[in-house]
Each structure stands twice: as structure tokens, then as C-alpha cells.
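Colleague: The following block contains the structure, expressed as C-alpha cells.
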Amino acid sequence: MRTDSLRGLRDLDRLTQQLVGTASQPAGMPLVAYRDGDVFVLRLDLPGIDPKTIDLNVERNVLTVRAERASGLPQGAQVLADERVLGRFSRQVFLGDALDTDRIEADYDQGVLSVRVPISEKARPRKIAITAKGEREAISA
């Protein structure tokens, strides 16, 4: 059995690139997704993004978010340190068939893009009446 002593280091490096990003591949948009009653909510972290650069669209069941962060530094500024990731960001989220993509709402506040997708009426739980065979009285289930 062969062991790869550098495997753990490579895994750590790959994880770091996914979380922090690199100059050629910036980090993604961290998100939290949850259900709040009859609404599916996505909250994506986009600090320092001009809301005018955010593009949100849905095609079939794929929600695509694109945004761009510019430098914002004055022209001719002498940069001493710059650790911010600049450029274009993109993320796709696959939405389930139970969501009503025709009624998506979104807002951007304090660096967080919130997207709300209602649960479709046909996907909501509902009671079904059961009729006992041979009887005319309905039983509520």
C-alpha cells in the first residue's frame, strides 16, 4: 500500500483556493440557503459590490448570479497592500421543481444579496379527502 505524504498538503491547498481564491480564479460567493415557511431563501455575500453590477437571472431551474467588484482606488494611487479579490464573480444555483421561479424577489443590503423564491402552490402540503369504500361519509386525513 502506497501512501502519498503530500496528499494532505495538496488537499489543504485546494481547500484554501476554494475558500480564498487566487488572482486567476477568485473565490465564489459564499451563501446560506434555507426555507422560511413557504419561501426558499438564498443569501449571498457580495461585500463591496456596486448593486448596478449585479445580474440575476433564471433559466428553467438554474438561477445565475453575476457581479463585478472594481478596484475603487484613485487613479495613480500607490498601492502598499491589496488583498481584495477584484473582477467578475459568477455562481449558479440549481432550484428544485417545487419552486415558483416566476415570482422570485431579490434585494441587496449591506453587502448581502437576498433572493426569495416562493414554494409553488402545487408543491405545498395539502389534505386529501378519503372516502371509505361502501360508505358515503368522507374521512378527513
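Residues in the C-alpha cells are named by chain (A, B, ... in the order shown) and by number from 1 within that chain; ligands are numbered from 1 in the order shown.
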For Leu86 of chain A, find every residue with an atom within 7 Å (counting only C-alpha atoms), except residues of its own chain fewer than 3 positions away, and show them as number ranges by chain.
Modeller: A: 69-71
Colleague: Write out the residues from the selection above, keeping N, CA, C and O atoms, as a CSV table (one decimal), in the first residue's frame.
Modeller:
chain,number,residue,atom,x,y,z
A,69,ARG,N,-16.7,43.5,-9.0
A,69,ARG,CA,-16.1,44.4,-8.0
A,69,ARG,C,-14.9,45.1,-8.7
A,69,ARG,O,-13.9,44.4,-9.1
A,70,ALA,N,-15.0,46.4,-8.7
A,70,ALA,CA,-13.9,47.2,-9.3
A,70,ALA,C,-12.9,47.6,-8.2
A,70,ALA,O,-13.3,47.5,-7.0
A,71,SER,N,-11.8,48.1,-8.5
A,71,SER,CA,-10.8,48.5,-7.6
A,71,SER,C,-11.2,49.6,-6.7
A,71,SER,O,-11.0,49.5,-5.5
Colleague: How far is it from atom CA of Leu46 of chain A to atom CA of Val112 of chain A, in Å with one decimal?
Modeller: 5.6 Å
Colleague: Looking at A:Asp100, A:Gly134, A:Ala67, A:Val117, which one is nearest to Asp36 of chain A, with distances taken over only C-alpha atoms?
Modeller: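 Result for the nearest residue to Asp36 of chain A: A:Val117.
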Colleague: Report, in Å with one decimal, the straight-line distance from atom CA of Leu99 of chain A to atom CA of Ser120 of chain A.
Modeller: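 So the answer is 4.9 Å.
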Colleague: Contacts of segment 49-66 of chain A at 6 Å or less, counting only C-alpha atoms, minus same-chain residues fewer than 4 places along, as a compact mmCIF listing (two decimals) with C-alpha atoms, in the first residue's frame?
Modeller:
# COMPACT_ATOMS: atom_id res chain seq x y z
CA PHE A 89 -17.96 36.75 -9.94
CA SER A 90 -20.49 34.16 -11.02
CA ARG A 91 -22.48 31.49 -9.25
CA GLN A 92 -25.21 29.12 -10.35
CA VAL A 93 -27.75 27.52 -8.05
CA PHE A 94 -29.98 24.70 -9.21
CA LEU A 95 -33.53 25.22 -7.97
Colleague: Can you work out which one of A:Thr131, A:Leu44, A:Arg88, A:Asp97 has the shortest atom-to-atom distance to Pro118 of chain A, counting only C-alpha atoms?
Modeller: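 Of A:Thr131, A:Leu44, A:Arg88, A:Asp97, the one nearest Pro118 of chain A, counting only C-alpha atoms, is A:Asp97.
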Colleague: Between atom CA of Ile104 of chain A and atom CA of Val85 of chain A, what distance in Å does the model show, to one decimal?
Modeller: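 Separation between atom CA of Ile104 of chain A and atom CA of Val85 of chain A: 28.7 Å.
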Colleague: Set the distance at 9 Å and use only C-alpha atoms: which residues neighbour Leu113 of chain A once local chain neighbours fewer than 3 positions away are removed? I'd like the list as a PyMOL selection string.
Modeller: chain A and resi 42-46+106-110
Colleague: Using only C-alpha atoms, pick whichever of A:Gly72, A:Arg126, A:Pro47, A:Arg103 has the shortest atom-to-atom distance to Pro30 of chain A.
Modeller: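 Closest residue, counting only C-alpha atoms: A:Pro47.
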Colleague: Can you list, as a list in words, every residue of segment 16-104 of chain A that DSSP puts in alpha helix (DSSP H)?
Modeller: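 Here are the alpha helix (DSSP H) residues of segment 16-104 of chain A: Thr16, Gln17, Gln18, Leu19 and Val20 of chain A.
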Colleague: Let's have the selection written as a compact mmCIF listing (two decimals), in the first residue's frame, with all heavy atoms.
Modeller:
# COMPACT_ATOMS: atom_id res chain seq x y z
N THR A 16 -7.95 25.82 0.43
CA THR A 16 -7.63 27.24 0.59
C THR A 16 -7.99 28.01 -0.67
O THR A 16 -8.58 29.08 -0.60
CB THR A 16 -6.13 27.42 0.92
OG1 THR A 16 -5.85 26.69 2.10
CG2 THR A 16 -5.79 28.87 1.11
N GLN A 17 -7.67 27.46 -1.85
CA GLN A 17 -8.01 28.15 -3.10
C GLN A 17 -9.51 28.27 -3.27
O GLN A 17 -10.00 29.29 -3.75
CB GLN A 17 -7.42 27.40 -4.29
CG GLN A 17 -5.93 27.58 -4.42
CD GLN A 17 -5.36 26.82 -5.61
OE1 GLN A 17 -6.10 26.22 -6.37
NE2 GLN A 17 -4.05 26.86 -5.75
N GLN A 18 -10.27 27.25 -2.85
CA GLN A 18 -11.72 27.33 -2.97
C GLN A 18 -12.30 28.38 -2.04
O GLN A 18 -13.24 29.08 -2.39
CB GLN A 18 -12.35 25.97 -2.65
CG GLN A 18 -12.11 24.94 -3.73
CD GLN A 18 -12.61 23.57 -3.31
OE1 GLN A 18 -13.03 23.35 -2.17
NE2 GLN A 18 -12.56 22.62 -4.23
N LEU A 19 -11.74 28.51 -0.85
CA LEU A 19 -12.27 29.46 0.12
C LEU A 19 -11.78 30.88 -0.10
O LEU A 19 -12.53 31.84 -0.02
CB LEU A 19 -11.92 29.02 1.55
CG LEU A 19 -12.54 27.71 2.01
CD1 LEU A 19 -12.02 27.34 3.38
CD2 LEU A 19 -14.06 27.80 2.03
N VAL A 20 -10.50 31.03 -0.37
CA VAL A 20 -9.89 32.35 -0.50
C VAL A 20 -9.79 32.78 -1.95
O VAL A 20 -9.95 33.94 -2.27
CB VAL A 20 -8.49 32.35 0.17
CG1 VAL A 20 -7.83 33.69 0.02
CG2 VAL A 20 -8.60 31.95 1.62
